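Engineer: Structure: work_35.txt, compact mmCIF, C-alpha atoms.
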```txt
# COMPACT_ATOMS: atom_id res chain seq x y z
CA MET R 1 136.72 -21.14 96.87
CA GLY R 2 133.97 -23.48 95.66
CA VAL R 3 130.82 -22.44 93.89
CA SER R 4 127.92 -21.79 96.26
CA GLU R 5 124.72 -23.81 96.05
CA ASN R 6 122.75 -20.75 94.97
CA THR R 7 125.20 -20.10 92.13
CA THR R 8 124.94 -23.74 91.04
CA GLY R 9 121.15 -23.49 91.09
CA LEU R 10 121.28 -20.22 89.12
CA ILE R 11 123.47 -21.75 86.39
CA LEU R 12 121.24 -24.81 86.16
CA ALA R 13 118.11 -22.65 85.98
CA VAL R 14 119.50 -20.50 83.16
CA ALA R 15 120.58 -23.59 81.20
CA SER R 16 117.20 -25.20 81.88
CA ASN R 17 115.23 -22.32 80.40
CA ALA R 18 117.52 -22.10 77.38
CA PHE R 19 116.76 -25.76 76.66
CA ILE R 20 113.03 -25.38 77.32
CA GLY R 21 112.69 -22.24 75.20
CA SER R 22 114.46 -23.96 72.30
CA SER R 23 112.37 -27.11 72.69
CA PHE R 24 109.15 -25.18 72.02
CA ILE R 25 110.43 -24.20 68.59
CA LEU R 26 111.96 -27.56 67.71
CA LYS R 27 108.76 -29.37 68.64
CA LYS R 28 106.70 -26.81 66.74
CA LYS R 29 108.73 -27.36 63.58
CA GLY R 30 108.41 -31.11 64.07
CA LEU R 31 104.64 -30.81 64.48
CA LYS R 32 104.37 -28.75 61.31
CA ARG R 33 106.38 -31.29 59.35
CA ALA R 34 104.30 -34.15 60.70
CA GLY R 35 101.06 -32.27 59.97
CA ALA R 36 102.11 -31.81 56.35
CA SER R 37 102.26 -35.57 55.81
CA GLY R 38 99.62 -36.85 58.23
CA THR R 39 96.95 -35.94 60.78
CA ARG R 40 97.77 -32.81 62.79
CA ALA R 41 98.19 -33.09 66.57
CA GLY R 42 95.66 -30.28 66.98
CA VAL R 43 92.89 -32.54 65.64
CA GLY R 44 93.97 -35.68 67.47
CA GLY R 45 96.77 -37.01 65.27
CA TYR R 46 99.94 -38.67 66.54
CA THR R 47 102.07 -38.76 63.40
CA TYR R 48 104.49 -36.38 65.11
CA LEU R 49 105.78 -39.41 67.03
CA LEU R 50 107.46 -40.49 63.78
CA GLU R 51 109.08 -37.09 63.20
CA PRO R 52 112.79 -36.97 64.30
CA LEU R 53 112.77 -33.19 64.82
CA TRP R 54 109.92 -33.49 67.30
CA TRP R 55 111.96 -36.01 69.27
CA VAL R 56 114.95 -33.65 69.25
CA GLY R 57 112.67 -31.03 70.79
CA MET R 58 111.36 -33.59 73.24
CA VAL R 59 114.85 -34.58 74.38
CA THR R 60 115.77 -30.91 74.67
CA MET R 61 112.73 -30.28 76.86
CA ILE R 62 113.56 -33.28 79.05
CA LEU R 63 117.12 -31.99 79.52
CA GLY R 64 115.70 -28.62 80.47
CA GLU R 65 113.23 -30.10 82.93
CA VAL R 66 115.95 -32.25 84.53
CA ALA R 67 118.19 -29.21 84.91
CA ASN R 68 115.26 -27.28 86.40
CA PHE R 69 114.53 -30.15 88.78
CA VAL R 70 118.12 -30.21 90.03
CA ALA R 71 118.14 -26.41 90.30
CA TYR R 72 115.33 -26.60 92.86
CA VAL R 73 117.50 -28.95 94.94
CA TYR R 74 120.33 -26.41 95.14
CA ALA R 75 118.50 -23.07 95.16
CA PRO R 76 115.20 -21.78 96.61
CA ALA R 77 112.13 -21.48 94.40
CA VAL R 78 112.17 -17.69 94.77
CA LEU R 79 115.44 -17.69 92.79
CA VAL R 80 114.67 -20.42 90.25
CA THR R 81 111.04 -19.80 89.30
CA PRO R 82 111.31 -16.20 87.99
CA LEU R 83 114.00 -17.33 85.56
CA GLY R 84 111.29 -19.22 83.71
CA ALA R 85 110.71 -15.94 81.88
CA LEU R 86 113.94 -16.62 79.98
CA SER R 87 112.28 -19.48 78.12
CA ILE R 88 109.60 -17.05 76.88
CA ILE R 89 112.14 -14.63 75.49
CA ILE R 90 114.19 -17.40 73.86
CA SER R 91 111.17 -19.06 72.26
CA ALA R 92 109.84 -15.72 70.97
CA ILE R 93 113.18 -14.84 69.37
CA LEU R 94 113.60 -18.28 67.81
CA ALA R 95 109.98 -18.27 66.60
CA HIS R 96 110.70 -15.02 64.76
CA PHE R 97 113.73 -16.41 62.93
CA MET R 98 112.83 -20.10 62.54
CA LEU R 99 109.05 -20.10 62.24
CA ASN R 100 108.45 -16.66 60.70
CA GLU R 101 105.92 -15.93 63.45
CA ARG R 102 105.36 -12.22 63.95
CA LEU R 103 104.42 -10.84 67.35
CA PRO R 104 102.67 -7.42 67.15
CA ARG R 105 103.86 -4.51 69.26
CA MET R 106 100.91 -4.87 71.61
CA GLY R 107 101.80 -8.54 71.90
CA VAL R 108 105.30 -7.55 72.97
CA LEU R 109 103.78 -5.25 75.59
CA GLY R 110 101.59 -8.10 76.81
CA CYS R 111 104.60 -10.39 76.98
CA VAL R 112 106.55 -7.87 79.04
CA SER R 113 103.57 -7.36 81.35
CA CYS R 114 103.26 -11.09 81.90
CA ILE R 115 106.94 -11.43 82.71
CA VAL R 116 107.01 -8.45 85.08
CA GLY R 117 103.83 -9.51 86.87
CA SER R 118 104.97 -13.10 87.25
CA VAL R 119 108.35 -12.04 88.62
CA VAL R 120 106.67 -9.74 91.15
CA ILE R 121 104.38 -12.57 92.30
CA VAL R 122 107.21 -15.04 92.69
CA LEU R 123 109.53 -12.61 94.45
CA HIS R 124 106.86 -11.84 97.03
CA ALA R 125 105.50 -15.39 97.31
CA PRO R 126 105.56 -16.96 100.78
CA GLN R 127 108.74 -18.74 101.81
CA GLU R 128 108.53 -22.52 102.12
CA GLN R 129 109.48 -24.31 105.29
CA PRO R 130 112.25 -26.94 105.03
CA LEU R 131 111.04 -30.54 104.82
CA ASN R 132 113.05 -33.50 106.09
CA SER R 133 111.17 -36.55 104.80
CA VAL R 134 108.66 -37.72 102.24
CA GLU R 135 106.26 -38.47 105.08
CA GLU R 136 106.19 -34.78 105.98
CA VAL R 137 105.25 -33.93 102.41
CA TRP R 138 102.57 -36.63 102.46
CA ASN R 139 101.07 -35.18 105.64
CA LEU R 140 100.85 -31.79 103.96
CA ALA R 141 99.35 -33.32 100.81
CA THR R 142 96.57 -35.04 102.74
CA GLN R 143 95.38 -31.90 104.51
CA PRO R 144 91.69 -31.12 103.79
CA ALA R 145 92.45 -27.79 102.13
CA PHE R 146 94.88 -29.31 99.64
CA LEU R 147 92.63 -32.30 98.99
CA ILE R 148 89.89 -29.83 98.06
CA TYR R 149 92.32 -28.12 95.66
CA VAL R 150 93.25 -31.47 94.08
CA ALA R 151 89.58 -32.42 93.71
CA ALA R 152 88.79 -29.03 92.14
CA THR R 153 91.76 -29.38 89.78
CA ILE R 154 90.77 -32.86 88.62
CA SER R 155 87.14 -31.77 88.15
CA THR R 156 88.18 -28.73 86.12
CA VAL R 157 90.56 -30.77 83.95
CA LEU R 158 87.84 -33.35 83.25
CA ALA R 159 85.40 -30.58 82.32
CA LEU R 160 87.96 -29.00 79.99
CA VAL R 161 88.82 -32.33 78.35
CA LEU R 162 85.31 -33.71 77.98
CA HIS R 163 83.22 -30.58 77.39
CA PHE R 164 85.27 -27.56 76.37
CA GLU R 165 88.03 -29.10 74.26
CA PRO R 166 85.73 -30.56 71.55
CA ARG R 167 83.89 -27.23 71.26
CA PHE R 168 86.52 -24.55 71.84
CA GLY R 169 89.93 -26.23 71.68
CA GLN R 170 90.62 -24.97 68.15
CA THR R 171 89.51 -21.39 68.87
CA ASN R 172 90.62 -20.69 72.45
CA MET R 173 94.12 -21.65 73.55
CA LEU R 174 93.20 -21.26 77.23
CA VAL R 175 91.47 -24.65 77.01
CA TYR R 176 94.68 -26.52 76.19
CA LEU R 177 96.89 -24.35 78.39
CA GLY R 178 94.43 -24.57 81.29
CA ILE R 179 94.78 -28.35 81.26
CA CYS R 180 98.59 -28.10 81.10
CA SER R 181 98.81 -25.55 83.90
CA LEU R 182 96.40 -27.25 86.27
CA MET R 183 98.17 -30.57 85.90
CA GLY R 184 101.49 -28.74 86.18
CA SER R 185 100.65 -27.38 89.61
CA ILE R 186 100.18 -30.96 90.84
CA THR R 187 103.36 -32.00 89.06
CA VAL R 188 105.44 -29.44 90.97
CA VAL R 189 104.24 -30.77 94.32
CA SER R 190 105.07 -34.33 93.29
CA ILE R 191 108.44 -33.35 91.84
CA LYS R 192 109.32 -31.51 95.04
CA ALA R 193 108.55 -34.65 97.07
CA ILE R 194 110.65 -36.78 94.72
CA GLY R 195 113.52 -34.27 94.95
CA ILE R 196 113.40 -34.39 98.73
CA ALA R 197 113.45 -38.19 98.62
CA ILE R 198 116.45 -38.28 96.27
CA LYS R 199 118.43 -35.70 98.23
CA LEU R 200 117.79 -37.41 101.59
CA THR R 201 118.64 -40.81 100.10
CA LEU R 202 121.95 -39.46 98.76
CA ASP R 203 122.62 -38.05 102.23
CA GLY R 204 122.23 -41.53 103.70
CA ILE R 205 118.57 -41.32 104.83
CA ASN R 206 116.84 -43.86 102.60
CA GLN R 207 113.42 -42.71 101.33
CA ILE R 208 113.01 -45.31 98.58
CA ALA R 209 111.26 -47.77 100.90
CA TYR R 210 108.41 -45.36 101.60
CA PRO R 211 105.34 -46.05 99.42
CA GLN R 212 104.65 -42.31 99.34
CA THR R 213 107.79 -41.83 97.24
CA TRP R 214 106.47 -44.17 94.54
CA LEU R 215 102.99 -42.66 94.72
CA PHE R 216 104.40 -39.18 94.11
CA LEU R 217 106.46 -40.60 91.23
CA THR R 218 103.35 -42.15 89.66
CA VAL R 219 101.34 -38.94 90.01
CA ALA R 220 104.17 -36.92 88.49
CA ALA R 221 104.43 -39.29 85.50
CA ILE R 222 100.67 -39.10 84.79
CA CYS R 223 100.64 -35.31 85.06
CA VAL R 224 103.70 -34.86 82.84
CA VAL R 225 102.28 -37.09 80.08
CA THR R 226 98.99 -35.15 80.19
CA GLN R 227 100.83 -31.81 80.06
CA LEU R 228 102.90 -32.84 77.06
CA ASN R 229 99.89 -34.10 75.13
CA TYR R 230 97.92 -30.88 75.46
CA LEU R 231 100.98 -28.67 75.10
CA ASN R 232 101.57 -30.34 71.73
CA LYS R 233 98.01 -29.50 70.71
CA ALA R 234 98.44 -25.88 71.80
CA LEU R 235 101.72 -25.51 69.90
CA ASP R 236 100.26 -27.12 66.78
CA THR R 237 97.23 -24.81 66.78
CA TYR R 238 98.49 -21.43 68.00
CA ASN R 239 101.43 -19.10 67.61
CA ALA R 240 104.38 -20.32 69.70
CA ALA R 241 105.34 -16.73 70.59
CA VAL R 242 101.98 -16.38 72.37
CA VAL R 243 101.63 -19.91 73.75
CA SER R 244 104.92 -19.69 75.67
CA PRO R 245 104.20 -16.59 77.82
CA VAL R 246 100.56 -17.45 78.50
CA TYR R 247 101.53 -20.97 79.55
CA TYR R 248 104.24 -19.53 81.78
CA VAL R 249 101.85 -17.11 83.43
CA MET R 250 99.14 -19.70 84.08
CA PHE R 251 101.58 -22.35 85.25
CA THR R 252 103.41 -19.96 87.60
CA THR R 253 100.19 -18.59 89.07
CA LEU R 254 98.60 -21.99 89.71
CA THR R 255 101.85 -23.35 91.14
CA ILE R 256 102.01 -20.50 93.65
CA VAL R 257 98.38 -21.09 94.59
CA ALA R 258 98.92 -24.84 95.04
CA SER R 259 102.07 -24.28 97.10
CA ALA R 260 100.40 -21.68 99.30
CA ILE R 261 97.49 -24.01 100.03
CA MET R 262 99.63 -27.08 100.66
CA PHE R 263 102.48 -25.59 102.66
CA LYS R 264 100.46 -22.80 104.34
CA ASP R 265 103.41 -20.47 103.99
CA TRP R 266 101.07 -17.51 103.47
CA LYS R 267 100.66 -17.30 107.23
CA GLY R 268 102.57 -14.37 108.70
CA GLN R 269 102.93 -12.38 105.48
CA ASP R 270 103.09 -8.63 105.92
CA ALA R 271 100.81 -6.15 104.16
CA SER R 272 103.48 -5.02 101.67
CA SER R 273 104.02 -8.57 100.42
CA ILE R 274 100.30 -9.15 100.00
CA ALA R 275 99.90 -5.83 98.17
CA SER R 276 102.79 -6.71 95.87
CA GLU R 277 101.22 -10.08 95.06
CA ILE R 278 97.91 -8.40 94.19
CA CYS R 279 99.68 -5.91 91.92
CA GLY R 280 101.53 -8.79 90.31
CA PHE R 281 98.30 -10.67 89.64
CA ILE R 282 96.70 -7.57 88.10
CA THR R 283 99.74 -7.08 85.85
CA VAL R 284 99.66 -10.73 84.80
CA LEU R 285 95.95 -10.61 84.01
CA THR R 286 96.44 -7.44 81.95
CA GLY R 287 99.27 -8.98 80.00
CA THR R 288 97.31 -12.17 79.39
CA ILE R 289 94.35 -10.21 78.00
CA ILE R 290 96.65 -8.23 75.70
CA LEU R 291 98.39 -11.39 74.48
CA HIS R 292 95.14 -13.23 73.93
CA SER R 293 93.65 -10.33 71.98
CA THR R 294 96.68 -10.11 69.69
CA ARG R 295 97.29 -13.83 69.25
CA ASP R 296 97.84 -14.96 65.71
CA GLN R 297 96.08 -18.27 65.18
CA GLU R 298 97.56 -20.23 62.34
CA PRO R 299 95.30 -20.84 59.36
CA PRO R 300 93.93 -24.33 58.88
CA PRO R 301 95.86 -26.53 56.47
CA SER R 302 94.99 -26.06 52.83
CA ARG R 303 92.55 -28.48 51.31
CA GLY R 304 94.69 -28.56 48.23
CA THR R 305 94.57 -27.00 44.78
CA VAL R 306 93.99 -28.77 41.50
CA THR R 307 94.93 -26.94 38.32
CA TRP R 308 94.92 -28.07 34.71
CA TYR R 309 95.63 -26.25 31.46
CA VAL R 310 93.64 -26.24 28.24
CA ARG R 311 95.45 -25.36 24.95
CA GLY R 312 97.64 -22.86 26.83
CA ASP R 313 95.04 -20.05 26.63
CA SER R 314 92.95 -20.80 29.70
CA PHE R 315 93.07 -22.79 32.93
CA LYS R 316 90.65 -24.11 35.49
CA ASN R 317 91.27 -24.01 39.24
CA LEU R 318 89.45 -26.13 41.85
CA GLU R 319 90.12 -25.12 45.46
CA GLY R 320 88.63 -24.18 48.88
CA GLU R 321 84.97 -25.05 49.02
CA HIS R 322 85.14 -26.94 45.74
CA LEU R 323 84.29 -23.79 43.74
CA LEU R 324 85.25 -23.84 40.07
CA ASN R 325 86.90 -20.70 38.67
CA ILE R 326 87.73 -20.32 34.97
CA HIS R 327 90.25 -17.63 34.10
CA GLU R 328 90.58 -16.56 30.48
CA SER R 329 93.96 -15.20 29.43
CA GLU R 330 94.04 -12.15 27.23
CA GLU R 331 94.49 -12.77 23.53
CA ARG R 332 97.76 -11.41 22.22
```
Please re-express this file's structure in structure tokens.
Structural biologist:
Amino acid sequence: MGVSENTTGLILAVASNAFIGSSFILKKKGLKRAGASGTRAGVGGYTYLLEPLWWVGMVTMILGEVANFVAYVYAPAVLVTPLGALSIIISAILAHFMLNERLPRMGVLGCVSCIVGSVVIVLHAPQEQPLNSVEEVWNLATQPAFLIYVAATISTVLALVLHFEPRFGQTNMLVYLGICSLMGSITVVSIKAIGIAIKLTLDGINQIAYPQTWLFLTVAAICVVTQLNYLNKALDTYNAAVVSPVYYVMFTTLTIVASAIMFKDWKGQDASSIASEICGFITVLTGTIILHSTRDQEPPPSRGTVTWYVRGDSFKNLEGEHLLNIHESEER
């Protein structure tokens, strides 16, 4: 007996999140190495592009995203999306052993709350209707309600990039992660359209000739590049054990909102499903607040220390704000 499509999607989703969770740590280590020898990504540097370990993390993330993409072809989103919590657990464990990043007990509680709330939301999210062509997706994407969502998303991203990032990017990780998550919600819609086009084309119904297919591909590429850029800044500035769950929560929430608006699957939901979604949102918000309050922002890089010795009985030390300290050793 062959493996069912749901089982195939489940295996791909688990492998995907293992790759993605590992990629956070590999890229983080690469960013730290690059920051030690050049300008940090958190302040606009791009020296990480010359760091091999960052590229290993990048390739690992791409493999994970490809596996996740294929998983959505074989299994429904209600099965695949909650498994994104695995990447949080993997990245937190690896951050503890490889990056020496400590997550407080309250942070662990916040992480668990985020995972539980996100799973509840996804499990009770509206079911999507099957789509049979890229044109059907395009018709849904050009509905007034979704166009308003896209316009609001682009406006918010521009405000975050132009106004909030220069002022609060180094002190509030929600600026970077907000940009990633908002763009990610548009990415999912585009990726879904591309997946439908590929699957139909492989089934003998050519979708490559439709201009909508290439438009969705272009939008997805722009959104992915933007996500990666600001995700790098978030990882370079904040604790990876906190960035991962908060990014997961925001991305999952905004993706559900975007899907509900575009596909209108929220019609016909019963009261129990709506109540469960509300409880899930409250749990997620609680966990996010706990995580944000216990986040461990990394200290800025040292400005360097200059030390010189005089006759072996005293030394002078110049560091920090260029303050000069003279320490006299005790006479023997």
Engineer: Within 10 Å of Ser37 in chain R, counting only C-alpha atoms, which residues show up once you throw out same-chain ones fewer than 5 positions away? Write them as a list in words, please.
Structural biologist: Lys32, Thr47 and Tyr48 of chain R
Engineer: Provide the CA of Gln227 in chain R to CA of Pro82 in chain R distance in Å, to one decimal place.
Structural biologist: 20.4 Å
Engineer: Using Å and a single decimal, report how far CA of Asn232 in chain R sits from CA of Gly57 in chain R.
Structural biologist: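 CA of Asn232 in chain R lies at a distance of 11.2 Å from CA of Gly57 in chain R.
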Engineer: Choose the residue, out of R:Cys111, R:Ala197, R:Gly21, R:Asp236, that has the smallest atom-to-atom separation from Ala36 in chain R; count only C-alpha atoms.
Structural biologist: R:Asp236
Engineer: Would you list the contacts of Ile282 in chain R as a list in words, taking every protein, DNA or RNA residue within 8 Å and counting only C-alpha atoms, but skipping same-chain residues closer than 4 positions in sequence?
Structural biologist: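 Answer for this query is Gly117, Ile278 and Thr286 of chain R.
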Engineer: What is the distance, in Å and to one decimal place, between CA of Val257 in chain R and CA of Tyr149 in chain R?
Structural biologist: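 Taking CA of Val257 in chain R and CA of Tyr149 in chain R, their separation equals 9.3 Å.
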Engineer: Smallest atom-to-atom distance to Tyr176 in chain R: which of R:Leu235, R:Val284, R:Val122, R:Ile89, using all atoms listed in the file?
Structural biologist: R:Leu235
Engineer: If we count only C-alpha atoms and set the cut-off at 12 Å, which residues sit around Val188 in chain R, ignoring sequence neighbours fewer than 2 positions away in its own chain? Please answer as a PyMOL selection string.
Structural biologist: chain R and resi 65+68-69+72+77+81+181-186+190-195+216-217+219-221+223-224+251-252+254-259+262
Engineer: Please list as an MDAnalysis selection string every residue within 9 Å of Val137 in chain R, counting only C-alpha atoms and excluding residues in the same chain fewer than 2 positions away.
Structural biologist: chainID R and resid 131:135 139:142 189 192:193 196 212 263
Engineer: Taking all atoms listed in the file into account, produce a table as CSV in which each residue of range 20-62 of chain R with an atom at most 12 Å from an atom of range 238-249 of chain R appears once, together with its shortest atom pair and the distance in Å to one decimal, ordered by chain and rising number.
Structural biologist:
```
residue,atom,partner,partner_atom,distance
R:Ile20,CA,R:Ser244,CA,10.0
R:Gly21,CA,R:Ser244,CA,8.2
R:Ser22,CA,R:Ser244,CA,11.0
R:Ser23,CA,R:Ala240,CA,10.9
R:Phe24,CA,R:Ala240,CA,7.2
R:Ile25,CA,R:Ala240,CA,7.3
R:Leu26,CA,R:Ala240,CA,10.7
R:Lys27,CA,R:Ala240,CA,10.1
R:Lys28,CA,R:Ala240,CA,7.5
R:Lys29,CA,R:Ala240,CA,10.3
R:Leu31,CA,R:Ala240,CA,11.7
R:Lys32,CA,R:Tyr238,CA,11.5
R:Ala41,CA,R:Tyr238,CA,11.8
R:Gly42,CA,R:Tyr238,CA,9.3
```
Engineer: Let me make sure I understand: among R:Ile121, R:Ala71, R:Thr7, R:Leu86, which one has the smallest atom-to-atom distance to Thr253 in chain R if we use only C-alpha atoms?
Structural biologist: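 Using only C-alpha atoms, the shortest distance to Thr253 in chain R belongs to R:Ile121.
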